[in-house]
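*Asks:* So here's my_file_0.txt (compact mmCIF, C-alpha atoms).
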# COMPACT_ATOMS: atom_id res chain seq x y z
CA MET A 8 -0.90 -31.25 16.26
CA TRP A 9 2.27 -31.04 14.16
CA LEU A 10 4.41 -31.54 17.25
CA PHE A 11 2.39 -34.65 18.13
CA LEU A 12 2.91 -36.05 14.61
CA ARG A 13 6.64 -35.43 14.91
CA TYR A 14 6.81 -37.50 18.07
CA LEU A 15 4.99 -40.31 16.27
CA LEU A 16 7.82 -40.25 13.71
CA PHE A 17 10.47 -40.56 16.42
CA PRO A 18 11.08 -44.33 15.84
CA PHE A 19 12.01 -43.52 12.23
CA SER A 20 14.39 -40.84 13.51
CA LEU A 21 16.09 -43.49 15.60
CA ILE A 22 16.65 -45.59 12.48
CA TYR A 23 17.90 -42.61 10.46
CA GLY A 24 20.12 -41.45 13.34
CA SER A 25 21.63 -44.92 13.69
CA VAL A 26 22.56 -44.97 10.00
CA VAL A 27 24.10 -41.49 10.25
CA TRP A 28 25.99 -42.46 13.40
CA LEU A 29 27.39 -45.61 11.75
CA ARG A 30 28.46 -43.69 8.64
CA ASN A 31 30.33 -41.12 10.72
CA ARG A 32 32.08 -43.79 12.79
CA LEU A 33 33.23 -45.57 9.62
CA TYR A 34 34.94 -42.34 8.57
CA ASP A 35 36.28 -41.64 12.08
CA PHE A 36 37.92 -45.08 12.23
CA GLN A 37 39.16 -44.73 8.62
CA LEU A 38 37.15 -47.73 7.46
CA LEU A 39 35.81 -45.39 4.78
CA PRO A 40 38.49 -43.25 3.09
CA ALA A 41 38.61 -39.47 3.41
CA ARG A 42 40.92 -37.35 1.27
CA SER A 43 42.99 -34.39 2.37
CA PHE A 44 44.69 -31.94 0.01
CA GLN A 45 47.83 -29.86 0.09
CA ILE A 46 45.78 -26.75 -0.68
CA PRO A 47 44.00 -25.44 2.45
CA THR A 48 40.27 -26.12 2.50
CA ILE A 49 37.71 -24.46 4.77
CA VAL A 50 34.28 -26.04 5.15
CA ILE A 51 31.21 -23.97 6.12
CA GLY A 52 28.15 -25.99 7.04
CA ASN A 53 25.45 -26.94 9.51
CA LEU A 54 23.75 -29.96 11.02
CA ALA A 55 20.18 -28.85 10.34
CA VAL A 56 18.39 -28.35 7.04
CA GLY A 57 18.84 -24.89 5.56
CA GLY A 58 18.16 -21.51 7.06
CA THR A 59 21.29 -21.10 9.18
CA GLY A 60 22.92 -18.31 7.18
CA LYS A 61 25.59 -20.26 5.30
CA SER A 62 25.54 -17.89 2.34
CA PRO A 63 26.26 -14.65 4.26
CA MET A 64 28.88 -16.49 6.32
CA THR A 65 30.56 -17.75 3.14
CA GLU A 66 30.56 -14.21 1.73
CA PHE A 67 32.01 -12.86 4.99
CA VAL A 68 34.83 -15.42 5.07
CA VAL A 69 35.66 -15.05 1.38
CA SER A 70 35.57 -11.23 1.49
CA TYR A 71 38.02 -11.29 4.39
CA LEU A 72 40.46 -13.90 3.06
CA SER A 73 40.40 -12.86 -0.61
CA LYS A 74 42.18 -9.62 0.34
CA GLN A 75 45.33 -11.68 0.90
CA TYR A 76 44.87 -14.97 -0.96
CA THR A 77 43.64 -16.28 -4.29
CA VAL A 78 40.38 -17.86 -3.14
CA ALA A 79 37.86 -20.12 -4.85
CA ILE A 80 34.36 -21.00 -3.63
CA LEU A 81 33.26 -24.55 -4.29
CA SER A 82 29.59 -25.46 -3.87
CA ARG A 83 27.43 -28.44 -4.67
CA GLY A 84 25.08 -26.18 -6.64
CA TYR A 85 21.88 -27.32 -4.99
CA GLY A 86 18.81 -27.11 -7.24
CA ARG A 87 20.70 -27.05 -10.55
CA LYS A 88 19.67 -29.32 -13.41
CA THR A 89 23.25 -30.06 -14.50
CA LYS A 90 25.82 -32.52 -13.23
CA GLY A 91 29.56 -32.50 -12.75
CA PHE A 92 32.05 -29.66 -12.46
CA ARG A 93 31.07 -26.22 -13.78
CA MET A 94 32.57 -22.76 -13.43
CA VAL A 95 30.03 -20.09 -12.47
CA GLN A 96 29.86 -16.92 -14.55
CA ILE A 97 27.95 -13.72 -13.78
CA ASP A 98 25.54 -14.47 -16.64
CA SER A 99 25.05 -18.15 -15.71
CA LEU A 100 21.56 -19.43 -15.04
CA ALA A 101 20.53 -20.64 -11.60
CA THR A 102 19.17 -23.80 -13.25
CA ASP A 103 22.71 -24.56 -14.48
CA VAL A 104 24.76 -23.67 -11.39
CA GLY A 105 22.36 -23.17 -8.44
CA ASP A 106 21.06 -19.96 -6.91
CA GLU A 107 23.59 -19.57 -4.09
CA PRO A 108 26.74 -20.00 -6.26
CA LEU A 109 25.26 -17.50 -8.73
CA GLN A 110 24.65 -15.09 -5.86
CA PHE A 111 28.29 -15.51 -4.75
CA LYS A 112 29.57 -14.76 -8.25
CA ASN A 113 27.41 -11.67 -8.67
CA LYS A 114 28.38 -10.36 -5.25
CA LEU A 115 32.08 -11.29 -5.51
CA PRO A 116 32.78 -11.08 -9.27
CA ASN A 117 36.57 -11.27 -8.89
CA VAL A 118 36.43 -14.55 -6.96
CA THR A 119 36.33 -17.94 -8.69
CA VAL A 120 33.08 -19.78 -8.02
CA ALA A 121 32.56 -23.38 -9.12
CA VAL A 122 30.07 -26.17 -8.51
CA CYS A 123 30.60 -29.91 -8.27
CA GLU A 124 28.63 -32.50 -6.31
CA ASP A 125 31.87 -34.42 -5.68
CA ARG A 126 33.87 -31.88 -3.71
CA CYS A 127 37.15 -33.79 -4.04
CA THR A 128 36.85 -33.71 -7.83
CA GLY A 129 36.12 -29.98 -7.64
CA ILE A 130 39.18 -29.37 -5.48
CA GLU A 131 41.37 -31.28 -7.93
CA LYS A 132 40.27 -28.97 -10.73
CA LEU A 133 40.69 -25.75 -8.74
CA GLN A 134 43.81 -26.32 -6.68
CA GLY A 135 46.33 -25.50 -9.39
CA ASP A 136 45.22 -21.88 -9.77
CA HIS A 137 44.27 -21.00 -6.20
CA GLN A 138 45.79 -20.78 -2.72
CA LEU A 139 42.65 -21.53 -0.73
CA ILE A 140 39.26 -23.17 -1.33
CA ILE A 141 36.11 -22.38 0.66
CA LEU A 142 33.48 -25.14 0.54
CA ASP A 143 29.89 -24.06 1.06
CA ASP A 144 27.58 -26.56 2.79
CA ALA A 145 30.06 -29.44 2.95
CA TYR A 146 30.10 -30.39 6.63
CA GLN A 147 28.51 -33.77 5.85
CA HIS A 148 30.84 -34.43 2.90
CA ARG A 149 33.02 -36.85 4.85
CA LYS A 150 34.92 -37.95 1.75
CA LEU A 151 36.88 -34.74 2.32
CA SER A 152 39.12 -34.16 5.33
CA PRO A 153 39.28 -30.34 5.47
CA LEU A 154 41.86 -28.14 7.12
CA PHE A 155 39.19 -26.21 9.04
CA SER A 156 35.44 -26.45 9.66
CA ILE A 157 33.02 -23.66 10.60
CA LEU A 158 29.74 -25.00 11.97
CA LEU A 159 26.59 -22.87 12.05
CA PHE A 160 23.50 -23.19 14.25
CA ASP A 161 20.33 -21.13 13.97
CA PHE A 162 19.64 -19.49 17.36
CA ARG A 163 15.99 -20.59 17.25
CA SER A 164 16.93 -24.25 16.88
CA PHE A 165 18.00 -24.33 20.54
CA SER A 166 14.40 -23.63 21.58
CA GLN A 167 13.14 -26.76 19.80
CA PRO A 168 13.80 -30.51 20.06
CA MET A 169 17.01 -31.12 18.11
CA PHE A 170 15.91 -34.40 16.51
CA VAL A 171 17.13 -35.81 13.22
CA PHE A 172 14.76 -36.62 10.34
CA PRO A 173 11.88 -37.18 10.11
CA ALA A 174 10.79 -36.14 13.61
CA GLY A 175 13.14 -33.17 13.55
CA ASN A 176 14.95 -30.83 11.18
CA PHE A 177 18.48 -32.14 11.69
CA ARG A 178 20.27 -34.17 9.03
CA ASP A 179 23.18 -35.01 11.32
CA LEU A 180 23.63 -35.77 15.02
CA LEU A 181 24.45 -33.01 17.49
CA MET A 182 27.50 -34.98 18.62
CA GLU A 183 29.07 -34.28 15.20
CA SER A 184 29.67 -30.71 16.33
CA LYS A 185 32.88 -32.17 17.81
CA ARG A 186 34.53 -31.88 14.38
CA ALA A 187 34.16 -28.08 14.19
CA GLN A 188 37.03 -25.68 14.84
CA ILE A 189 34.66 -22.70 15.25
CA ILE A 190 30.95 -22.73 16.06
CA VAL A 191 28.80 -19.74 15.12
CA ILE A 192 25.27 -19.25 16.44
CA THR A 193 23.50 -17.29 13.72
CA LYS A 194 20.32 -15.20 13.54
CA CYS A 195 20.58 -14.27 17.21
CA PRO A 196 18.75 -11.27 18.66
CA ALA A 197 21.08 -8.29 18.47
CA ASN A 198 20.76 -8.00 22.26
CA ILE A 199 21.01 -11.71 23.09
CA SER A 200 20.99 -12.29 26.84
CA SER A 201 23.83 -13.77 28.88
CA GLU A 202 21.43 -16.48 30.03
CA ASP A 203 20.77 -17.59 26.43
CA LYS A 204 24.49 -17.66 25.68
CA ILE A 205 25.22 -19.79 28.74
CA ARG A 206 22.35 -22.17 27.92
CA ILE A 207 23.57 -22.69 24.35
CA GLU A 208 27.22 -23.03 25.30
CA LYS A 209 26.38 -25.58 27.98
CA LYS A 210 24.56 -27.74 25.43
CA LEU A 211 27.34 -27.59 22.84
CA ARG A 212 30.18 -28.13 25.32
CA ARG A 213 28.92 -31.67 25.88
CA TYR A 214 30.31 -32.49 22.44
CA ASN A 215 32.96 -29.87 21.68
CA ARG A 216 35.05 -28.54 24.57
CA THR A 217 37.59 -26.49 22.61
CA ALA A 218 36.02 -24.69 19.64
CA PRO A 219 35.25 -20.99 20.22
CA ILE A 220 31.49 -20.39 20.26
CA THR A 221 30.50 -17.05 18.75
CA PHE A 222 27.15 -15.30 18.35
CA SER A 223 26.00 -13.39 15.29
CA HIS A 224 22.93 -11.85 13.71
CA ILE A 225 21.71 -11.06 10.23
CA THR A 226 22.11 -7.49 9.08
CA TYR A 227 19.80 -6.22 6.35
CA PHE A 228 21.00 -3.66 3.83
CA GLU A 229 18.85 -1.33 1.77
CA PRO A 230 16.90 -3.00 -1.06
CA VAL A 231 18.40 -2.53 -4.51
CA ASN A 232 17.24 -2.93 -8.09
CA ALA A 233 18.96 -4.72 -10.97
CA ASN A 234 21.28 -1.72 -11.48
CA GLY A 235 22.35 -1.66 -7.86
CA LYS A 236 20.37 1.48 -7.07
CA GLN A 237 19.02 1.61 -3.52
CA ILE A 238 15.22 1.61 -3.29
CA ASP A 239 13.39 3.00 -0.27
CA ILE A 240 10.48 0.80 0.86
CA GLU A 241 9.41 3.09 3.68
CA ASN A 242 5.62 3.50 3.63
CA LYS A 243 5.31 1.33 0.54
CA ASP A 244 2.94 -1.59 0.01
CA VAL A 245 5.24 -4.55 -0.51
CA VAL A 246 4.65 -7.88 -2.22
CA LEU A 247 7.36 -9.99 -0.60
CA VAL A 248 8.36 -13.13 -2.55
CA THR A 249 10.47 -15.73 -0.73
CA GLY A 250 11.73 -19.20 -1.56
CA ILE A 251 13.94 -19.70 1.49
CA ALA A 252 13.84 -22.12 4.41
CA LYS A 253 12.98 -19.73 7.25
CA PRO A 254 11.47 -16.47 5.97
CA GLN A 255 9.86 -15.21 9.19
CA PRO A 256 12.77 -13.01 10.40
CA LEU A 257 12.79 -11.33 6.98
CA VAL A 258 9.01 -10.86 7.08
CA ASP A 259 9.33 -9.28 10.53
CA HIS A 260 12.05 -6.92 9.28
CA ILE A 261 10.09 -5.77 6.23
CA THR A 262 6.90 -5.37 8.30
CA GLN A 263 8.72 -2.86 10.50
CA LYS A 264 9.65 -0.72 7.51
CA ALA A 265 6.87 -1.03 4.93
CA LYS A 266 3.31 0.22 5.06
CA SER A 267 1.99 -3.29 4.39
CA VAL A 268 3.44 -6.69 3.49
CA ASN A 269 1.78 -9.28 1.27
CA HIS A 270 3.96 -12.36 1.66
CA ILE A 271 4.04 -15.04 -1.06
CA SER A 272 6.04 -17.95 0.32
CA PHE A 273 7.53 -20.81 -1.71
CA GLY A 274 9.68 -23.73 -0.59
CA ASP A 275 13.44 -23.41 -0.23
CA HIS A 276 15.23 -23.20 -3.62
CA HIS A 277 11.85 -23.16 -5.37
CA ALA A 278 12.09 -23.44 -9.16
CA PHE A 279 9.90 -20.57 -10.37
CA ASP A 280 7.75 -20.98 -13.47
CA GLU A 281 5.44 -18.71 -15.44
CA ALA A 282 2.45 -19.69 -13.29
CA ASP A 283 4.33 -18.44 -10.22
CA ILE A 284 5.14 -15.17 -11.95
CA ASP A 285 1.48 -14.78 -12.90
CA ARG A 286 0.47 -15.31 -9.27
CA ILE A 287 3.00 -12.72 -8.09
CA LEU A 288 1.85 -10.15 -10.64
CA LYS A 289 -1.82 -10.70 -9.86
CA THR A 290 -1.12 -10.15 -6.17
CA PHE A 291 0.77 -6.96 -7.04
CA GLN A 292 -2.00 -5.71 -9.32
CA SER A 293 -4.64 -6.41 -6.67
CA LEU A 294 -3.09 -3.82 -4.36
CA HIS A 295 -5.04 -0.58 -4.67
CA SER A 296 -2.00 1.60 -4.24
CA GLU A 297 0.30 3.61 -6.47
CA ASN A 298 3.14 3.28 -4.00
CA LYS A 299 3.81 -0.45 -4.21
CA ILE A 300 6.74 -2.71 -5.01
CA ILE A 301 7.75 -6.36 -5.48
CA LEU A 302 10.59 -7.34 -3.15
CA THR A 303 12.47 -10.63 -2.98
CA THR A 304 15.58 -12.09 -1.38
CA GLU A 305 19.02 -11.96 -2.94
CA LYS A 306 18.97 -15.72 -3.46
CA ASP A 307 15.48 -15.79 -4.98
CA TYR A 308 16.42 -12.96 -7.31
CA GLN A 309 18.93 -15.29 -9.01
CA ARG A 310 16.06 -17.65 -9.91
CA LEU A 311 13.67 -14.88 -10.91
CA LYS A 312 16.09 -13.07 -13.24
CA PRO A 313 15.24 -15.21 -16.29
CA TYR A 314 11.62 -14.01 -15.99
CA LYS A 315 12.40 -10.29 -15.84
CA ALA A 316 10.68 -9.71 -19.19
CA LEU A 317 7.42 -11.02 -17.75
CA PHE A 318 7.46 -8.36 -15.06
CA ASP A 319 7.23 -5.79 -17.85
CA THR A 320 7.05 -2.33 -16.24
CA VAL A 321 7.08 -3.70 -12.68
CA GLU A 322 10.49 -3.31 -11.06
CA LEU A 323 11.80 -6.32 -9.18
CA VAL A 324 13.85 -5.34 -6.12
CA TYR A 325 15.92 -7.57 -3.86
CA LEU A 326 17.27 -7.27 -0.32
CA PRO A 327 20.98 -7.95 0.27
CA ILE A 328 21.91 -9.35 3.68
CA GLY A 329 25.10 -9.91 5.64
CA ILE A 330 26.29 -11.39 8.91
CA LYS A 331 27.55 -9.41 11.89
CA PHE A 332 28.97 -10.71 15.13
CA ASN A 333 27.15 -9.54 18.25
CA ASP A 334 30.46 -8.75 19.92
CA SER A 335 33.25 -6.94 18.05
CA GLY A 336 35.76 -8.89 20.12
CA GLN A 337 34.34 -12.16 18.77
CA SER A 338 34.58 -10.83 15.23
CA THR A 339 38.26 -10.06 15.77
CA GLN A 340 38.82 -13.47 17.35
CA PHE A 341 37.07 -15.22 14.44
CA CYS A 342 39.14 -13.40 11.81
CA ASN A 343 42.40 -13.90 13.70
CA ILE A 344 41.82 -17.66 13.97
CA LEU A 345 41.11 -17.83 10.21
CA SER A 346 44.21 -15.76 9.41
CA ASP A 347 46.53 -17.79 11.62
CA THR A 348 45.21 -21.13 10.36
CA VAL A 349 45.44 -20.24 6.69
CA ALA A 350 48.82 -18.48 7.01
CA SER A 351 50.37 -21.61 8.47
CA SER A 352 49.08 -23.83 5.65
CA VAL A 353 48.85 -21.86 2.43
CA ASN A 354 51.47 -22.10 -0.30
CA GLN A 355 52.63 -18.58 -1.00
CA PRO A 356 53.24 -17.79 -4.69
If you took the structure in this file and wrote it as structure tokens, what would it be?
*Replies:*
Amino acid sequence: MWLFLRYLLFPFSLIYGSVVWLRNRLYDFQLLPARSFQIPTIVIGNLAVGGTGKSPMTEFVVSYLSKQYTVAILSRGYGRKTKGFRMVQIDSLATDVGDEPLQFKNKLPNVTVAVCEDRCTGIEKLQGDHQLIILDDAYQHRKLSPLFSILLFDFRSFSQPMFVFPAGNFRDLLMESKRAQIIVITKCPANISSEDKIRIEKKLRRYNRTAPITFSHITYFEPVNANGKQIDIENKDVVLVTGIAKPQPLVDHITQKAKSVNHISFGDHHAFDEADIDRILKTFQSLHSENKIILTTEKDYQRLKPYKALFDTVELVYLPIGIKFNDSGQSTQFCNILSDTVASSVNQP
């Protein structure tokens, strides 16, 4: 039924797609201005809406490059209630800086993290003290002409019609993959078949004939509490709280490990309130088990932290994730391309 409704919306997708196409051509032909900067800038983004693994990819890239360069992460700060440029601190609130930038800062405390909806303004404020700026979710920010673009696609998106809004989940046209220097297919099966790789590459090569296409999957670490202590969920009854775009792979992972999973799902970047906390606690209390736990994602934990007092004696645990390339050779290739590109552009101190 939902698929049928989406096809009914297809005429509106044609209108939306036409507007997006025109906007991109205006930038391509320099009829709309795009700024470039002396400081190297790397954009990480996608064409679809959420759920492609931008956060773990950003953490991977920053962890690798920050060993050699003074790196800053610049994000829009989606979901925050503030405007303008703000530096992110470990004790910042997600409502002030956004959940993903706060996650970056807590995970990479020695790296500068800032938010600004106008990325060019953000770069201006950061460039004096840094050698390299990584921009999270800025592929559509055409006002910026970056040094390098990393484009992500969710593996599952290739099994569905790749329409733009509102019939589909894409906010940009597939042809815009031509601007990427590296394309990463994320959330793949760890044992992805050669047939799937060929099918995906064939589709993308229509638009981008040169960018390396790599395949990766999400790797889940052990759940941890607020103090960083690992918590075993084996044979536990789990109340899983998610406010992310595509929670099913996480649900599947936890189901394999826990005794039972009671999933409470909210929308992506959901702004939790006391009523939500009450619902979570009531679900937890309804479990007739002494071996139970509340588990959430690393991103959702940033938005739940202000309500820790309401959890009282119930420990809130979160699950860190990362990204891993399916082929170690592709991982080496990816890192070498980043190193060579940045080394040729960065201003050494």
*Asks:* From the list A:Ser200, A:Ser352, A:Gln147, A:Ser20, which residue is nearest Tyr76 of chain A when using only C-alpha atoms?
*Replies:*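 Ranked by minimum distance to Tyr76 of chain A, first place goes to A:Ser352.
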*Asks:* Given the choices A:Ala121, A:Val191, A:Val246, A:Ile207, which gets closest to Ser223 of chain A if the distance is worked out from all atoms listed in the file?
*Replies:*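 Nearest candidate to Ser223 of chain A out of A:Ala121, A:Val191, A:Val246, A:Ile207: A:Val191.
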*Asks:* May I ask for the distance between atom CA of Ile261 of chain A and atom CA of Gln237 of chain A, given in Å to one decimal place?
*Replies:*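 Those two atoms sit 15.1 Å apart.
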*Asks:* If we count all atoms listed in the file, what is near Ser73 of chain A at a cut-off of 10 Å, once residues fewer than 2 positions away on the same chain are taken out, given as a PyMOL selection string?
*Replies:* chain A and resi 68-71+75-79+115+117-118+138-139
*Asks:* Determine the nearest neighbour of Pro173 of chain A from the options A:Pro18, A:Pro327, A:Gly58, A:Pro256, counting only C-alpha atoms.
*Replies:*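 Closest to Pro173 of chain A of all the choices is A:Pro18.
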*Asks:* Which polymer residues have any atom within 8 Å of an atom of segment 300-306 of chain A, counting all atoms listed in the file, with same-chain residues fewer than 6 positions away left out, as a list in words?
*Replies:*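 Contacts, with the query itself left out: Asp106, Glu107, Gln110, Pro230, Ile240, Lys243, Asp244, Val245, Val246, Leu247, Val248, Thr249, Phe291, Val321, Glu322, Leu323, Val324, Tyr325, Leu326, Pro327 and Ile328 of chain A.
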*Asks:* Nearest residue to Thr217 of chain A out of A:Asn53, A:Thr102, A:Ser184, A:Gln337, using all atoms listed in the file?
*Replies:*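 Answer, going by the shortest atom-to-atom distance: A:Ser184.
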*Asks:* Write out as a compact mmCIF listing (two decimals) with C-alpha atoms, in the frame of the given file which residues come within 8 Å of Gly24 of chain A when counting only C-alpha atoms, dropping same-chain ones fewer than 4 positions away.
*Replies:*
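Written output follows (around_34.txt):
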# COMPACT_ATOMS: atom_id res chain seq x y z
CA SER A 20 14.39 -40.84 13.51
CA TRP A 28 25.99 -42.46 13.40
CA VAL A 171 17.13 -35.81 13.22
CA PHE A 172 14.76 -36.62 10.34
CA ASP A 179 23.18 -35.01 11.32
CA LEU A 180 23.63 -35.77 15.02
*Asks:* Using all atoms listed in the file, which protein or nucleic acid residues come within 8 Å of segment 156-166 of chain A? Drop anything in the same chain fewer than 3 positions from it, and give the result as a PyMOL selection string.
*Replies:* chain A and resi 49-55+58-61+146+153+169+184+186-195+207
*Asks:* Where atoms are absent from segment 225-236 of chain A, fill them in so it carries N, CA and C atoms, then output it as a PDB file, keeping the file's coordinate frame.
*Replies:*
ATOM      1  N   ILE A 225      21.830 -11.493  11.617  1.00  0.00           N
ATOM      2  CA  ILE A 225      21.710 -11.060  10.230  1.00  0.00           C
ATOM      3  C   ILE A 225      21.553  -9.545  10.191  1.00  0.00           C
ATOM      4  N   THR A 226      22.277  -8.920   9.295  1.00  0.00           N
ATOM      5  CA  THR A 226      22.110  -7.490   9.080  1.00  0.00           C
ATOM      6  C   THR A 226      21.521  -7.279   7.691  1.00  0.00           C
ATOM      7  N   TYR A 227      20.490  -6.473   7.621  1.00  0.00           N
ATOM      8  CA  TYR A 227      19.800  -6.220   6.350  1.00  0.00           C
ATOM      9  C   TYR A 227      20.264  -4.881   5.782  1.00  0.00           C
ATOM     10  N   PHE A 228      20.613  -4.896   4.499  1.00  0.00           N
ATOM     11  CA  PHE A 228      21.000  -3.660   3.830  1.00  0.00           C
ATOM     12  C   PHE A 228      19.770  -3.066   3.144  1.00  0.00           C
ATOM     13  N   GLU A 229      19.968  -1.951   2.486  1.00  0.00           N
ATOM     14  CA  GLU A 229      18.850  -1.330   1.770  1.00  0.00           C
ATOM     15  C   GLU A 229      18.529  -2.128   0.514  1.00  0.00           C
ATOM     16  N   PRO A 230      17.251  -2.306   0.179  1.00  0.00           N
ATOM     17  CA  PRO A 230      16.900  -3.000  -1.060  1.00  0.00           C
ATOM     18  C   PRO A 230      17.494  -2.299  -2.276  1.00  0.00           C
ATOM     19  N   VAL A 231      17.831  -3.090  -3.284  1.00  0.00           N
ATOM     20  CA  VAL A 231      18.400  -2.530  -4.510  1.00  0.00           C
ATOM     21  C   VAL A 231      17.706  -3.136  -5.727  1.00  0.00           C
ATOM     22  N   ASN A 232      17.796  -2.411  -6.848  1.00  0.00           N
ATOM     23  CA  ASN A 232      17.240  -2.930  -8.090  1.00  0.00           C
ATOM     24  C   ASN A 232      18.337  -3.597  -8.913  1.00  0.00           C
ATOM     25  N   ALA A 233      18.013  -3.983 -10.132  1.00  0.00           N
ATOM     26  CA  ALA A 233      18.960  -4.720 -10.970  1.00  0.00           C
ATOM     27  C   ALA A 233      20.225  -3.917 -11.262  1.00  0.00           C
ATOM     28  N   ASN A 234      20.131  -2.585 -11.204  1.00  0.00           N
ATOM     29  CA  ASN A 234      21.280  -1.720 -11.480  1.00  0.00           C
ATOM     30  C   ASN A 234      22.062  -1.367 -10.217  1.00  0.00           C
ATOM     31  N   GLY A 235      21.659  -1.931  -9.104  1.00  0.00           N
ATOM     32  CA  GLY A 235      22.350  -1.660  -7.860  1.00  0.00           C
ATOM     33  C   GLY A 235      21.911  -0.380  -7.166  1.00  0.00           C
ATOM     34  N   LYS A 236      20.871   0.251  -7.680  1.00  0.00           N
ATOM     35  CA  LYS A 236      20.370   1.480  -7.070  1.00  0.00           C
ATOM     36  C   LYS A 236      19.519   1.143  -5.849  1.00  0.00           C
TER      37      LYS A 236
END
